[in-house]
>>> print(open('run_11.pdb').read())   # PDB, C-alpha atoms
MODEL        1
ATOM      1  CA  MET A  24       6.022 -15.776  37.128
ATOM      2  CA  ASP A  25       9.072 -17.789  36.487
ATOM      3  CA  ILE A  26      11.632 -16.028  34.270
ATOM      4  CA  VAL A  27      12.405 -19.242  32.379
ATOM      5  CA  PHE A  28       8.724 -19.698  31.445
ATOM      6  CA  VAL A  29       8.471 -16.091  30.232
ATOM      7  CA  THR A  30      11.676 -16.421  28.196
ATOM      8  CA  ILE A  31      10.620 -19.689  26.548
ATOM      9  CA  THR A  32       7.117 -18.388  25.797
ATOM     10  CA  SER A  33       8.488 -15.149  24.323
ATOM     11  CA  ALA A  34      10.960 -17.059  22.165
ATOM     12  CA  ALA A  35       8.193 -19.355  20.918
ATOM     13  CA  ILE A  36       5.938 -16.408  20.039
ATOM     14  CA  ILE A  37       8.750 -14.623  18.187
ATOM     15  CA  THR A  38       9.633 -17.809  16.299
ATOM     16  CA  VAL A  39       6.036 -18.471  15.225
ATOM     17  CA  ALA A  40       5.560 -14.819  14.193
ATOM     18  CA  SER A  41       8.794 -14.873  12.168
ATOM     19  CA  ILE A  42       7.839 -18.072  10.363
ATOM     20  CA  ASN A  43       4.367 -16.688   9.659
ATOM     21  CA  ALA A  44       5.822 -13.448   8.239
ATOM     22  CA  TYR A  45       8.302 -15.364   6.081
ATOM     23  CA  LEU A  46       5.558 -17.578   4.632
ATOM     24  CA  ALA A  47       3.255 -14.607   4.033
ATOM     25  CA  ILE A  48       5.950 -12.787   2.067
ATOM     26  CA  ARG A  49       6.777 -15.854  -0.003
ATOM     27  CA  GLN A  50       3.113 -16.527  -0.873
ATOM     28  CA  SER A  51       2.178 -12.926  -1.754
ATOM     29  CA  ASN A  52       4.022 -12.925  -5.091
ATOM     30  CA  ASP A  53       0.871 -13.883  -7.007
ATOM     31  CA  THR A  54      -1.430 -11.481  -5.158
ATOM     32  CA  GLU A  55       0.517  -8.237  -5.196
ATOM     33  CA  ARG A  56      -1.426  -5.002  -5.133
ATOM     34  CA  GLY A  57      -1.441  -2.442  -7.902
ATOM     35  CA  SER A  58      -1.958  -2.690 -11.622
ATOM     36  CA  LEU A  59       0.223  -4.155 -14.308
ATOM     37  CA  PRO A  60       2.174  -1.752 -16.533
ATOM     38  CA  GLY A  61       0.435  -0.952 -19.773
ATOM     39  CA  LYS A  62      -1.241   1.706 -21.834
ATOM     40  CA  GLY A  63      -4.106   3.835 -20.606
ATOM     41  CA  LYS A  64      -4.875   5.428 -17.297
ATOM     42  CA  ASN A  65      -6.362   4.454 -13.941
ATOM     43  CA  ILE A  66      -9.034   6.807 -12.618
ATOM     44  CA  ILE A  67      -9.151   7.434  -8.881
ATOM     45  CA  GLU A  68     -11.995   9.379  -7.281
ATOM     46  CA  ALA A  69     -11.385  10.973  -3.883
ATOM     47  CA  ASN A  70     -14.442  12.287  -2.042
ATOM     48  CA  TYR A  71     -14.573  14.109   1.268
ATOM     49  CA  SER A  72     -17.690  15.109   3.163
ATOM     50  CA  SER A  73     -17.401  17.268   6.253
ATOM     51  CA  GLY A  74     -20.568  15.828   7.743
ATOM     52  CA  ALA A  75     -23.480  18.059   8.723
ATOM     53  CA  GLY A  76     -24.185  21.040   6.528
ATOM     54  CA  GLY A  77     -23.343  19.372   3.234
ATOM     55  CA  GLY A  78     -19.804  20.727   2.737
ATOM     56  CA  GLY A  79     -17.142  18.612   1.171
ATOM     57  CA  HIS A  80     -14.643  18.143  -1.611
ATOM     58  CA  SER A  81     -14.427  15.864  -4.623
ATOM     59  CA  LYS A  82     -11.403  15.284  -6.851
ATOM     60  CA  THR A  83     -10.680  12.884  -9.701
ATOM     61  CA  TYR A  84      -7.113  11.801 -10.448
ATOM     62  CA  THR A  85      -5.929  10.091 -13.623
ATOM     63  CA  ILE A  86      -2.829   7.975 -13.123
ATOM     64  CA  PRO A  87      -0.926   6.564 -16.131
ATOM     65  CA  GLN A  88      -0.397   2.806 -16.077
ATOM     66  CA  ASP A  89       3.021   3.102 -17.750
ATOM     67  CA  PRO A  90       5.748   3.475 -15.063
ATOM     68  CA  GLN A  91       7.749   5.918 -17.200
ATOM     69  CA  ASP A  92       4.715   8.164 -17.788
ATOM     70  CA  TYR A  93       3.904   7.974 -14.087
ATOM     71  CA  ALA A  94       7.429   9.110 -13.171
ATOM     72  CA  LYS A  95       7.142  12.027 -15.614
ATOM     73  CA  CYS A  96       4.139  13.329 -13.652
ATOM     74  CA  PHE A  97       6.508  14.322 -10.827
ATOM     75  CA  ILE A  98       8.749  16.484 -13.038
ATOM     76  CA  PRO A  99       7.859  20.194 -12.776
ATOM     77  CA  LYS A 100       6.209  21.642 -15.886
ATOM     78  CA  ARG A 101       9.017  24.177 -16.485
ATOM     79  CA  LYS A 102      11.618  21.379 -16.824
ATOM     80  CA  LYS A 103      11.999  19.610 -20.151
TER      81      LYS A 103
ENDMDL
END
>>> encode(input="run_11.pdb", output="structure tokens")
Amino acid sequence: MDIVFVTITSAAIITVASINAYLAIRQSNDTERGSLPGKGKNIIEANYSSGAGGGGHSKTYTIPQDPQDYAKCFIPKRKK
């Protein structure tokens, strides 16, 4: 292959990918993931099944919607 062709093609691919990434970031402001801050809690259920034999694990997590309450969850219980 000709080195000029490879260079031009690579530059074109990088340019198109960069423009696509830029546009995707700019348009994702309205469709961000997560939940809005507020009162109450989100409930998350995590289930694990080991397959044959029926073993597994199930856990339910309650996550506060308020960012300050969420941050307080990471403080050890013995700290005030």
>>> residues_around(input="run_11.pdb", residues="Asp89 in chain A", least_positions_apart="5", cutoff="12 Å", atoms="only C-alpha atoms", output="tab-separated table (two decimals) with C-alpha atoms, in the coordinates of the input")
chain	number	residue	atom	x	y	z
A	58	SER	CA	-1.96	-2.69	-11.62
A	59	LEU	CA	0.22	-4.16	-14.31
A	60	PRO	CA	2.17	-1.75	-16.53
A	61	GLY	CA	0.44	-0.95	-19.77
A	62	LYS	CA	-1.24	1.71	-21.83
A	63	GLY	CA	-4.11	3.84	-20.61
A	64	LYS	CA	-4.88	5.43	-17.30
A	65	ASN	CA	-6.36	4.45	-13.94
A	94	ALA	CA	7.43	9.11	-13.17
A	95	LYS	CA	7.14	12.03	-15.61
A	96	CYS	CA	4.14	13.33	-13.65
>>> atom_distance(input="run_11.pdb", atom1="CA of Ile98 in chain A", atom2="CA of Asn70 in chain A")
26.0 Å
>>> atom_distance(input="run_11.pdb", atom1="CA of Asp92 in chain A", atom2="CA of Glu68 in chain A")
19.8 Å
>>> resolve_selection(input="run_11.pdb", expression="the PyMOL selection byres ((chain A and resi 69) around 9)", output="ChimeraX atom specification")
/A:67-68,70-71,80-84
>>> atom_distance(input="run_11.pdb", atom1="CA of Ala35 in chain A", atom2="CA of Arg49 in chain A")
21.3 Å
>>> closest_residue(input="run_11.pdb", among="A:Ser33, A:Ile66, A:Phe28, A:Gln50", to="Pro87 in chain A", atoms="all atoms listed in the file")
A:Ile66
